[in-house]
file work.cif (mmCIF, C-alpha atoms)
data_target
#
loop_
_atom_site.label_atom_id
_atom_site.label_comp_id
_atom_site.auth_asym_id
_atom_site.auth_seq_id
_atom_site.Cartn_x
_atom_site.Cartn_y
_atom_site.Cartn_z
CA MET H 87 -25.27 -3.15 -8.12
CA ALA H 88 -23.89 0.34 -7.51
CA GLY H 89 -20.48 0.27 -5.89
CA GLN H 90 -19.88 -3.42 -6.58
CA ASP H 91 -16.36 -4.34 -7.60
CA PRO H 92 -16.52 -6.02 -11.03
CA ALA H 93 -13.54 -8.19 -10.09
CA LEU H 94 -15.31 -9.59 -7.01
CA SER H 95 -15.82 -13.34 -7.25
CA THR H 96 -18.99 -15.03 -6.09
CA SER H 97 -16.72 -17.51 -4.30
CA HIS H 98 -15.55 -14.79 -1.91
CA PRO H 99 -16.27 -16.02 1.66
CA PHE H 100 -18.18 -12.80 2.38
CA TYR H 101 -19.63 -12.16 -1.07
CA ASP H 102 -23.07 -11.41 0.41
CA VAL H 103 -21.57 -8.39 2.23
CA ALA H 104 -18.59 -7.51 0.01
CA ARG H 105 -20.80 -7.05 -3.07
CA HIS H 106 -22.18 -3.82 -1.59
CA GLY H 107 -18.75 -2.13 -1.67
CA ILE H 108 -19.01 -0.84 1.90
CA LEU H 109 -15.32 -1.51 2.56
CA GLN H 110 -12.46 -0.62 0.23
CA VAL H 111 -8.68 -0.58 0.50
CA ALA H 112 -7.44 2.69 -0.98
CA GLY H 113 -3.66 2.79 -1.22
CA ASP H 114 -1.54 4.43 1.50
CA ASP H 115 -1.65 7.67 3.44
CA ARG H 116 1.16 10.26 3.63
CA PHE H 117 2.87 8.14 6.28
CA GLY H 118 2.92 4.99 4.15
CA ARG H 119 0.10 3.35 6.12
CA ARG H 120 -2.56 1.27 4.39
CA VAL H 121 -5.93 3.06 4.10
CA VAL H 122 -9.27 1.27 4.55
CA THR H 123 -12.48 3.18 3.77
CA PHE H 124 -15.97 2.53 5.17
CA SER H 125 -18.86 4.10 3.22
CA CYS H 126 -22.20 4.28 5.04
CA CYS H 127 -24.08 5.26 1.87
CA ARG H 128 -23.40 1.80 0.48
CA MET H 129 -25.08 0.04 3.39
CA PRO H 130 -28.43 -1.39 2.26
CA PRO H 131 -31.53 -1.30 4.50
CA SER H 132 -31.06 -3.27 7.70
CA HIS H 133 -33.42 -6.04 6.64
CA GLU H 134 -31.18 -6.70 3.60
CA LEU H 135 -27.88 -6.81 5.50
CA ASP H 136 -26.83 -9.16 8.27
CA HIS H 137 -24.93 -6.80 10.55
CA GLN H 138 -23.18 -9.69 12.28
CA ARG H 139 -21.84 -10.76 8.88
CA LEU H 140 -20.77 -7.16 8.29
CA LEU H 141 -18.81 -7.24 11.53
CA GLU H 142 -17.17 -10.56 10.58
CA TYR H 143 -16.32 -9.17 7.14
CA LEU H 144 -14.78 -6.06 8.69
CA LYS H 145 -12.60 -8.21 10.94
CA TYR H 146 -11.74 -10.51 8.03
CA THR H 147 -10.56 -7.49 6.02
CA LEU H 148 -8.64 -5.83 8.83
CA ASP H 149 -6.95 -9.11 9.75
CA GLN H 150 -4.93 -8.71 6.55
CA TYR H 151 -3.50 -5.37 7.74
CA VAL H 152 -3.57 -5.12 11.54
CA GLU H 153 -0.02 -6.44 11.83
CA ASN H 154 1.05 -3.20 10.14
CA ASP H 155 0.10 0.41 10.89
CA TYR H 156 -3.12 1.37 9.11
CA THR H 157 -5.67 4.18 8.76
CA ILE H 158 -9.47 4.09 8.48
CA VAL H 159 -11.52 6.73 6.64
CA TYR H 160 -15.17 6.65 7.65
CA PHE H 161 -17.62 8.35 5.26
CA HIS H 162 -20.62 9.05 7.48
CA TYR H 163 -22.93 10.43 4.80
CA GLY H 164 -25.73 8.01 3.92
CA LEU H 165 -26.32 6.55 7.38
CA ASN H 166 -30.04 6.85 8.06
CA SER H 167 -32.88 5.24 9.98
CA ARG H 168 -33.29 2.54 7.31
CA ASN H 169 -29.72 1.21 7.37
CA LYS H 170 -28.47 2.29 10.78
CA PRO H 171 -27.35 -0.57 13.08
CA SER H 172 -28.75 -0.64 16.60
CA LEU H 173 -26.79 0.95 19.46
CA GLY H 174 -26.58 -2.47 21.09
CA TRP H 175 -24.91 -3.87 17.99
CA LEU H 176 -22.47 -0.93 17.85
CA GLN H 177 -21.54 -1.47 21.49
CA SER H 178 -20.92 -5.19 21.03
CA ALA H 179 -19.02 -4.48 17.80
CA TYR H 180 -16.67 -2.09 19.60
CA LYS H 181 -15.95 -4.75 22.22
CA GLU H 182 -15.21 -7.28 19.44
CA PHE H 183 -12.29 -5.17 18.27
CA ASP H 184 -9.66 -6.02 20.83
CA ARG H 185 -6.16 -4.58 21.22
CA LYS H 186 -4.96 -6.40 18.09
CA TYR H 187 -7.09 -4.09 15.96
CA LYS H 188 -6.67 -0.90 17.99
CA LYS H 189 -2.90 -1.01 18.54
CA ASN H 190 -1.81 -0.38 14.95
CA LEU H 191 -4.77 1.79 13.97
CA LYS H 192 -2.94 5.10 13.79
CA ALA H 193 -5.75 7.35 12.57
CA LEU H 194 -9.54 7.26 12.23
CA TYR H 195 -10.82 10.03 9.96
CA VAL H 196 -14.55 10.74 10.24
CA VAL H 197 -15.80 12.64 7.17
CA HIS H 198 -19.05 14.68 7.23
CA PRO H 199 -19.88 14.09 10.91
CA THR H 200 -23.39 14.89 12.15
CA SER H 201 -25.03 15.37 15.53
CA PHE H 202 -25.60 11.60 15.60
CA ILE H 203 -21.83 11.10 15.77
CA LYS H 204 -21.60 13.45 18.76
CA VAL H 205 -24.42 11.60 20.54
CA LEU H 206 -22.78 8.29 19.75
CA TRP H 207 -19.44 9.54 21.06
CA ASN H 208 -21.00 10.55 24.39
CA ILE H 209 -22.60 7.11 24.71
CA PHE H 210 -19.35 5.28 24.01
CA LYS H 211 -17.04 7.68 25.86
CA PRO H 212 -16.87 5.49 29.02
CA LEU H 213 -15.71 2.57 26.86
CA ILE H 214 -13.16 4.46 24.74
CA SER H 215 -9.66 4.99 26.08
CA HIS H 216 -8.10 8.45 25.97
CA LYS H 217 -5.32 7.09 23.77
CA PHE H 218 -7.78 5.77 21.20
CA GLY H 219 -9.79 8.98 21.31
CA LYS H 220 -6.72 10.96 20.22
CA LYS H 221 -6.61 8.97 16.98
CA VAL H 222 -10.02 10.29 15.86
CA THR H 223 -10.12 13.36 13.58
CA TYR H 224 -13.28 14.97 12.14
CA PHE H 225 -13.39 16.49 8.66
CA ASN H 226 -16.33 18.59 7.46
CA TYR H 227 -15.16 18.60 3.83
CA LEU H 228 -13.36 16.12 1.60
CA SER H 229 -10.77 18.77 0.76
CA GLU H 230 -9.44 18.51 4.31
CA LEU H 231 -8.23 14.97 3.57
CA HIS H 232 -5.60 16.21 1.10
CA GLU H 233 -3.09 16.98 3.83
CA HIS H 234 -3.24 13.47 5.26
CA LEU H 235 -3.98 11.14 2.34
CA LYS H 236 -3.28 10.61 -1.32
CA TYR H 237 -6.70 11.91 -2.25
CA ASP H 238 -6.65 10.61 -5.83
CA GLN H 239 -6.27 7.05 -4.53
CA LEU H 240 -9.41 7.20 -2.40
CA ILE H 241 -12.47 5.34 -3.61
CA ILE H 242 -15.17 7.89 -2.78
CA PRO H 243 -18.79 7.02 -3.63
CA PRO H 244 -20.48 9.47 -6.05
CA GLU H 245 -23.15 10.15 -3.44
CA VAL H 246 -20.50 11.40 -1.01
CA LEU H 247 -18.92 13.59 -3.69
CA ARG H 248 -22.28 15.16 -4.52
CA TYR H 249 -23.06 15.75 -0.85
CA ASP H 250 -19.68 17.39 -0.33
CA GLU H 251 -20.29 19.68 -3.32
CA LYS H 252 -23.65 20.64 -1.82
CA LEU H 253 -22.00 21.51 1.51
CA GLN H 254 -19.33 23.52 -0.25
CA SER H 255 -21.92 25.53 -2.21
CA LEU H 256 -23.94 26.24 0.94
CA HIS H 257 -20.88 27.75 2.58
CA GLU H 258 -19.43 29.31 -0.52
CA GLY H 259 -20.01 32.86 0.72
CA ARG H 260 -17.80 32.26 3.75
CA MET H 261 -15.05 30.32 2.01
CA PRO H 262 -11.92 32.03 0.68
CA PRO H 263 -11.71 32.25 -3.12
CA PRO H 264 -9.96 29.28 -4.70
CA THR H 265 -6.31 29.84 -5.40
CA LYS H 266 -4.84 28.98 -8.76
CA THR H 267 -2.54 25.99 -8.71
CA PRO H 268 0.89 27.06 -9.90
CA PRO H 269 2.34 25.08 -12.81
CA PRO H 270 4.58 22.20 -11.73
CA ARG H 271 8.22 23.13 -11.44
CA PRO H 272 10.82 21.07 -13.26
CA PRO H 273 12.64 18.61 -10.97
CA LEU H 274 16.02 19.45 -9.52
CA PRO H 275 19.02 17.87 -11.27
CA THR H 276 19.59 15.92 -8.06
CA GLN H 277 15.90 14.99 -7.56
CA GLN H 278 15.43 11.40 -6.33
CA PHE H 279 11.74 11.12 -5.41
CA GLY H 280 8.79 11.48 -7.77
CA VAL H 281 10.84 11.23 -10.96
CA SER H 282 11.11 8.42 -13.51
CA LEU H 283 13.72 5.68 -13.60
CA GLN H 284 14.97 7.12 -16.88
CA TYR H 285 15.46 10.56 -15.29
CA LEU H 286 17.45 8.99 -12.44
CA LYS H 287 19.57 7.01 -14.88
CA ASP H 288 20.34 10.10 -16.97
CA LYS H 289 21.30 12.15 -13.90
CA ASN H 290 23.42 9.42 -12.27
CA GLN H 291 25.97 8.60 -14.94
CA GLY H 292 23.88 5.84 -16.46
CA GLU H 293 23.49 3.79 -13.28
CA LEU H 294 20.46 1.52 -13.56
CA ILE H 295 19.82 1.12 -9.83
CA PRO H 296 18.51 4.40 -8.36
CA PRO H 297 20.73 5.76 -5.57
CA VAL H 298 17.99 5.81 -2.92
CA LEU H 299 17.17 2.18 -3.62
CA ARG H 300 20.84 1.20 -3.56
CA PHE H 301 21.64 3.08 -0.34
CA THR H 302 18.60 1.81 1.60
CA VAL H 303 19.09 -1.79 0.45
CA THR H 304 22.80 -1.65 1.34
CA TYR H 305 22.06 -0.31 4.80
CA LEU H 306 19.27 -2.78 5.53
CA ARG H 307 21.35 -5.73 4.27
CA GLU H 308 24.13 -4.80 6.64
CA LYS H 309 22.10 -3.88 9.71
CA GLY H 310 18.44 -4.80 9.38
CA LEU H 311 17.91 -8.29 7.97
CA ARG H 312 17.05 -9.75 11.37
CA THR H 313 14.96 -6.82 12.64
CA GLU H 314 11.55 -8.10 13.74
CA GLY H 315 8.72 -6.53 11.78
CA LEU H 316 10.99 -4.97 9.15
CA PHE H 317 8.88 -2.88 6.70
CA ARG H 318 5.82 -3.10 8.96
CA ARG H 319 6.35 0.08 10.96
CA SER H 320 5.80 3.66 9.90
CA ALA H 321 8.05 6.61 10.73
CA SER H 322 7.63 10.26 11.64
CA VAL H 323 6.42 12.16 8.60
CA GLN H 324 8.75 15.03 9.51
CA THR H 325 11.74 12.66 9.47
CA VAL H 326 10.71 11.13 6.15
CA ARG H 327 10.29 14.57 4.56
CA GLU H 328 13.64 15.71 5.92
CA ILE H 329 15.42 12.71 4.39
CA GLN H 330 13.57 13.19 1.10
CA ARG H 331 14.65 16.83 1.05
CA LEU H 332 18.29 15.87 1.67
CA TYR H 333 18.26 13.28 -1.11
CA ASN H 334 16.50 15.65 -3.52
CA GLN H 335 19.12 18.28 -2.84
CA GLY H 336 21.93 15.83 -3.48
CA LYS H 337 23.10 15.86 0.15
CA PRO H 338 24.37 12.76 1.98
CA VAL H 339 22.11 10.84 4.34
CA ASN H 340 23.52 8.82 7.24
CA PHE H 341 20.80 6.56 8.64
CA ASP H 342 22.90 5.95 11.76
CA ASP H 343 22.09 9.52 12.79
CA TYR H 344 18.39 8.64 13.16
CA GLY H 345 18.81 5.59 15.38
CA ASP H 346 15.85 3.70 13.89
CA ILE H 347 16.29 0.83 11.45
CA HIS H 348 12.68 1.25 10.30
CA ILE H 349 13.41 4.69 8.78
CA PRO H 350 15.43 3.41 5.76
CA ALA H 351 12.73 0.75 5.29
CA VAL H 352 10.06 3.48 5.10
CA ILE H 353 12.24 5.55 2.74
CA LEU H 354 12.56 2.53 0.42
CA LYS H 355 8.77 2.04 0.31
CA THR H 356 8.23 5.78 -0.15
CA PHE H 357 10.61 5.87 -3.11
CA LEU H 358 8.72 3.06 -4.87
CA ARG H 359 5.33 4.56 -4.08
CA GLU H 360 6.28 7.98 -5.49
CA LEU H 361 7.51 6.75 -8.85
CA PRO H 362 5.41 8.38 -11.61
CA GLN H 363 4.68 4.89 -12.96
CA PRO H 364 4.78 1.72 -10.84
CA LEU H 365 7.87 -0.43 -11.14
CA LEU H 366 5.76 -3.24 -12.65
CA THR H 367 4.17 -0.68 -15.05
CA PHE H 368 0.53 0.19 -15.72
CA GLN H 369 0.55 -2.09 -18.76
CA ALA H 370 1.15 -5.22 -16.66
CA TYR H 371 -1.69 -4.52 -14.22
CA GLU H 372 -4.43 -6.53 -15.93
CA GLN H 373 -2.06 -9.45 -16.64
CA ILE H 374 -1.10 -9.62 -12.98
CA LEU H 375 -4.75 -9.66 -11.89
CA GLY H 376 -5.15 -12.90 -13.83
CA ILE H 377 -2.52 -14.80 -11.81
CA THR H 378 -5.16 -16.38 -9.54
CA CYS H 379 -6.81 -18.00 -12.58
CA VAL H 380 -3.56 -19.82 -13.47
CA GLU H 381 -3.01 -23.36 -12.23
CA SER H 382 -0.67 -23.38 -9.22
CA SER H 383 2.02 -25.42 -10.97
CA LEU H 384 2.16 -22.91 -13.86
CA ARG H 385 2.23 -19.67 -11.87
CA VAL H 386 6.01 -19.31 -11.76
CA THR H 387 6.17 -19.67 -15.56
CA CYS H 388 3.35 -17.14 -15.85
CA CYS H 389 5.32 -14.68 -13.72
CA ARG H 390 8.33 -15.07 -16.01
CA GLN H 391 6.16 -14.41 -19.06
CA ILE H 392 4.70 -11.24 -17.54
CA LEU H 393 8.15 -9.95 -16.59
CA ARG H 394 9.39 -10.42 -20.15
CA SER H 395 7.08 -7.59 -21.22
CA LEU H 396 8.70 -5.13 -18.80
CA PRO H 397 11.07 -2.46 -20.07
CA GLU H 398 14.70 -3.47 -19.59
CA HIS H 399 15.36 -0.86 -16.92
CA ASN H 400 12.30 -1.82 -14.86
CA TYR H 401 13.28 -5.48 -15.01
CA VAL H 402 16.81 -4.81 -13.73
CA VAL H 403 15.55 -2.67 -10.83
CA LEU H 404 12.83 -5.19 -9.98
CA ARG H 405 15.32 -8.07 -9.94
CA TYR H 406 17.63 -6.09 -7.66
CA LEU H 407 14.78 -5.35 -5.25
CA MET H 408 13.37 -8.90 -5.29
CA GLY H 409 16.83 -10.32 -4.60
CA PHE H 410 16.97 -8.21 -1.46
CA LEU H 411 13.42 -9.09 -0.35
CA HIS H 412 14.20 -12.77 -0.94
CA ALA H 413 17.17 -12.37 1.41
CA VAL H 414 14.88 -10.72 3.98
CA SER H 415 12.44 -13.64 3.74
CA GLN H 416 15.28 -16.10 4.33
CA GLU H 417 15.71 -14.54 7.79
CA SER H 418 12.01 -14.78 8.66
CA ILE H 419 12.70 -16.93 11.70
CA PHE H 420 14.16 -13.75 13.19
CA ASN H 421 12.35 -10.89 11.44
CA LYS H 422 8.91 -12.60 11.14
CA MET H 423 8.72 -11.35 7.53
CA ASN H 424 8.22 -14.30 5.21
CA SER H 425 7.43 -13.87 1.54
CA SER H 426 3.69 -13.63 2.23
CA ASN H 427 4.11 -10.87 4.83
CA LEU H 428 6.50 -8.95 2.58
CA ALA H 429 4.05 -9.25 -0.32
CA CYS H 430 1.28 -7.65 1.77
CA VAL H 431 3.59 -4.70 2.40
CA PHE H 432 5.08 -4.31 -1.09
CA GLY H 433 2.25 -5.41 -3.39
CA LEU H 434 0.64 -1.99 -3.78
CA ASN H 435 4.04 -0.28 -3.82
CA LEU H 436 5.01 -2.20 -6.97
CA ILE H 437 1.81 -2.04 -9.03
CA TRP H 438 -1.34 0.08 -9.14
CA PRO H 439 -3.84 0.97 -11.88
CA SER H 440 -3.43 4.04 -14.07
CA GLN H 441 -6.77 5.41 -12.85
CA GLY H 442 -7.93 5.40 -9.22
CA SER H 443 -6.65 2.77 -6.81
CA SER H 444 -6.76 -1.00 -6.58
CA SER H 445 -10.02 -2.49 -5.36
CA LEU H 446 -10.18 -4.74 -2.33
CA SER H 447 -10.58 -7.88 -4.45
CA ALA H 448 -7.53 -6.92 -6.57
CA LEU H 449 -5.27 -7.20 -3.54
CA VAL H 450 -5.35 -11.00 -3.60
CA PRO H 451 -3.79 -11.41 -7.07
CA LEU H 452 -1.44 -8.42 -6.62
CA ASN H 453 -0.10 -9.77 -3.35
CA LEU H 454 0.07 -13.32 -4.72
CA PHE H 455 2.11 -12.16 -7.70
CA THR H 456 4.50 -10.28 -5.41
CA GLU H 457 4.78 -13.29 -3.12
CA LEU H 458 5.73 -15.50 -6.05
CA LEU H 459 8.46 -13.07 -7.13
CA ILE H 460 9.96 -13.13 -3.64
CA GLU H 461 9.49 -16.82 -2.83
CA TYR H 462 10.70 -18.13 -6.19
CA TYR H 463 13.15 -15.34 -6.90
CA GLU H 464 15.96 -17.54 -8.21
CA LYS H 465 13.73 -19.53 -10.55
CA ILE H 466 11.78 -16.55 -11.89
CA PHE H 467 14.80 -14.34 -12.53
CA SER H 468 17.12 -17.06 -13.85
CA ALA H 469 17.84 -17.59 -17.56
CA PRO H 470 15.24 -19.78 -19.37
CA GLU H 471 17.86 -22.48 -20.01
CA ALA H 472 18.68 -22.69 -16.31
CA SER H 473 15.08 -23.36 -15.38
CA GLY H 474 14.42 -25.79 -18.24
CA GLU H 475 11.79 -23.47 -19.64
CA HIS H 476 10.93 -23.39 -23.31
CA SER H 477 11.22 -20.20 -25.29
CA LEU H 478 8.37 -17.85 -24.60
CA ALA H 479 6.42 -15.60 -26.92
CA PRO H 480 8.41 -12.80 -28.59
CA PRO H 481 8.66 -9.79 -26.31
CA GLN H 482 6.89 -6.56 -27.13
CA GLN H 483 8.79 -3.70 -28.68
CA GLY H 484 10.84 -1.88 -26.06
CA SER H 485 10.72 -4.80 -23.65
CA ARG H 486 13.49 -7.16 -22.61
CA ALA H 487 14.67 -9.26 -25.54
CA ALA H 488 16.31 -11.73 -23.20
CA PRO H 489 17.18 -12.03 -19.51
CA LEU H 490 19.88 -9.58 -18.59
CA GLN H 491 23.11 -10.01 -16.77
CA GLU H 492 22.81 -8.96 -13.12
CA ALA H 493 22.89 -5.19 -12.94
CA VAL H 494 25.91 -4.04 -10.98
CA PRO H 495 25.68 -0.29 -10.46
CA ARG H 496 28.91 1.61 -10.28
CA THR H 497 29.98 2.54 -6.79
CA ARG H 498 30.09 6.24 -6.24
CA ALA H 499 32.27 8.17 -3.84
CA THR H 500 29.96 7.74 -0.87
CA GLY H 501 31.77 5.15 1.19
CA LEU H 502 29.02 2.64 0.36
CA THR H 503 29.76 -0.46 -1.64
CA THR H 504 27.27 -1.98 -4.01
CA PRO H 505 25.68 -5.08 -2.47
CA THR H 506 25.71 -8.34 -4.35
CA ILE H 507 22.88 -10.86 -4.15
CA PRO H 508 24.31 -14.14 -2.83
CA PRO H 509 22.64 -17.25 -4.19
CA SER H 510 20.60 -19.18 -1.65
CA PRO H 511 18.97 -22.51 -2.63
CA LEU H 512 15.19 -22.66 -2.45
CA THR H 513 13.71 -24.77 0.28
CA VAL H 514 12.77 -28.17 -1.09
CA ALA H 515 9.36 -28.46 0.55
CA ARG H 516 7.77 -25.11 -0.32
CA ARG H 517 4.11 -24.68 0.19
CA ARG H 518 2.28 -24.45 -3.11
CA LEU H 519 0.72 -21.08 -3.79
#
call {"tool": "encode", "arguments": {"input": "work.cif", "output": "structure tokens"}}
result
Amino acid sequence: MAGQDPALSTSHPFYDVARHGILQVAGDDRFGRRVVTFSCCRMPPSHELDHQRLLEYLKYTLDQYVENDYTIVYFHYGLNSRNKPSLGWLQSAYKEFDRKYKKNLKALYVVHPTSFIKVLWNIFKPLISHKFGKKVTYFNYLSELHEHLKYDQLIIPPEVLRYDEKLQSLHEGRMPPPTKTPPPRPPLPTQQFGVSLQYLKDKNQGELIPPVLRFTVTYLREKGLRTEGLFRRSASVQTVREIQRLYNQGKPVNFDDYGDIHIPAVILKTFLRELPQPLLTFQAYEQILGITCVESSLRVTCCRQILRSLPEHNYVVLRYLMGFLHAVSQESIFNKMNSSNLACVFGLNLIWPSQGSSSLSALVPLNLFTELLIEYYEKIFSAPEASGEHSLAPPQQGSRAAPLQEAVPRTRATGLTTPTIPPSPLTVARRRL
């Protein structure tokens, strides 16, 4: 079936709807908010789709993200008389989405709107609050999304792409000539975002832990561990860009000046998301997707095996980050961020495919793998002898030959000390994943 995710299991609770590919999760927008796309062209004729099931599936999907800020991209092309839901259904559907869903929806982008959308808007206007209405933005062309989203992460149906090309050609005479993209400039010597771990190591006297990661973790350990909803909130894009500019220019950043503990949390996620290659590497992506097929009692061992294939530098940085997230999860009674909640936030910031973005069904294994790393941090990152584990298969060339000593980056003249990761015993009665 066109648009069907090959990784989708027939055991999915909404397989009958999900198999059409109407909904997709497509990375994050420029503000670090999760993006969910809705493609009308993938809706089958009404007699082949239970619209009530579609509504339940939409709520089921959004329930995984509504605790955090999120964005919806609605591709209107393809909605026609054969697959269009009734106005009565649309009205009842809108009422189904209570404040829980609307509160953290920060933007609704409607792509390729038609006169039907305008008619629909007039019908629903009495029901739609002014505040919600301000979140809606209309885009006539896909190119307009570039400013707001990471366009290459979007899962755009071929039909929508072809329609957009047709619109562009129809208006070609009135559009300005395309400008040539200038060649990419080499990074600054002090660049911190969008450069490789190796580049950061070479430019920072051989330190393995990147400065941005070290500074944000230090600050959050000292002042943010008990902040409710830590890592769930977004921040002003202007503020994030300002801090990125300061770091890239080698200038000091004092998070106290911004008066918002969520800002260093957003900067940390942004740093991970802008790495040229994910921290867990492209090579590990397919292995990680298989974690759900592993028996529960063997998943921790499987995680250790996968991590053995990581380059040494990636492993050290990952262990440093997971040690911090484990500490955050230990304060979940205050911050409401247990290992599962943290995994939902960090999963797609640690691993993504080399082409396109992760499909909706891939989120389950990616988040599960991340949750295991956080929940069982001490066991996964300990030496094999300490965990009673037998020797594993020989590592690949360029990977870790053996578990490393804890990376302790040298403290620079910034007034910040390097945080250590205090040991904390795992809870005896952990739920089995």
call {"tool": "residues_around", "arguments": {"input": "work.cif", "residues": "Ile460 of chain H", "least_positions_apart": "5", "cutoff": "12 Å", "atoms": "all atoms listed in the file", "output": "number ranges by chain"}}
result
H: 386, 389, 404-416, 423-430, 432-433, 453-455, 465-467, 512
call {"tool": "atom_distance", "arguments": {"input": "work.cif", "atom1": "atom CA of Leu240 of chain H", "atom2": "atom CA of Asn226 of chain H"}}
result
16.6 Å
call {"tool": "closest_atom_pairs", "arguments": {"input": "work.cif", "of": "segment 108-142 of chain H", "to": "segment 317-341 of chain H", "cutoff": "8 Å", "atoms": "all atoms listed in the file", "output": "Markdown table"}}
result
| residue | atom | partner | partner_atom | distance |
| --- | --- | --- | --- | --- |
| H:Arg116 | CA | H:Val323 | CA | 7.5 |
| H:Phe117 | CA | H:Val323 | CA | 5.8 |
| H:Gly118 | CA | H:Ser320 | CA | 6.6 |
| H:Arg119 | CA | H:Ser320 | CA | 6.8 |
call {"tool": "closest_residue", "arguments": {"input": "work.cif", "among": "H:Tyr227, H:Tyr101, H:Tyr163, H:Phe183", "to": "Arg128 of chain H", "atoms": "only C-alpha atoms"}}
result
H:Tyr163
call {"tool": "closest_residue", "arguments": {"input": "work.cif", "among": "H:Gly345, H:Gln391, H:Ser282, H:Ser447", "to": "Phe100 of chain H", "atoms": "only C-alpha atoms"}}
result
H:Ser447
call {"tool": "atom_distance", "arguments": {"input": "work.cif", "atom1": "atom CA of Ile108 of chain H", "atom2": "atom CA of Thr147 of chain H"}}
result
11.5 Å
call {"tool": "closest_atom_pairs", "arguments": {"input": "work.cif", "of": "segment 270-298 of chain H", "to": "segment 362-373 of chain H", "cutoff": "9 Å", "atoms": "all atoms listed in the file", "output": "tab-separated table"}}
result
residue	atom	partner	partner_atom	distance
H:Gly280	CA	H:Pro362	CA	6.0
H:Val281	CA	H:Pro362	CA	6.2
H:Ser282	CA	H:Pro362	CA	6.0
H:Leu283	CA	H:Leu365	CA	8.8
call {"tool": "residues_around", "arguments": {"input": "work.cif", "residues": "Gly310 of chain H", "least_positions_apart": "4", "cutoff": "10 Å", "atoms": "all atoms listed in the file", "output": "list of chain:residue names"}}
result
H:Val303, H:Thr304, H:Tyr305, H:Leu306, H:Glu314, H:Leu316, H:Asp346, H:Ile347, H:His348, H:Pro350, H:Ala351, H:Val414, H:Asn421
call {"tool": "residues_around", "arguments": {"input": "work.cif", "residues": "Val403 of chain H", "least_positions_apart": "5", "cutoff": "12 Å", "atoms": "all atoms listed in the file", "output": "NGL selection string"}}
result
:H and (283-284 or 286-287 or 293-300 or 303 or 358 or 364-366 or 393 or 396-398 or 408-410 or 436 or 467 or 490 or 492-495)
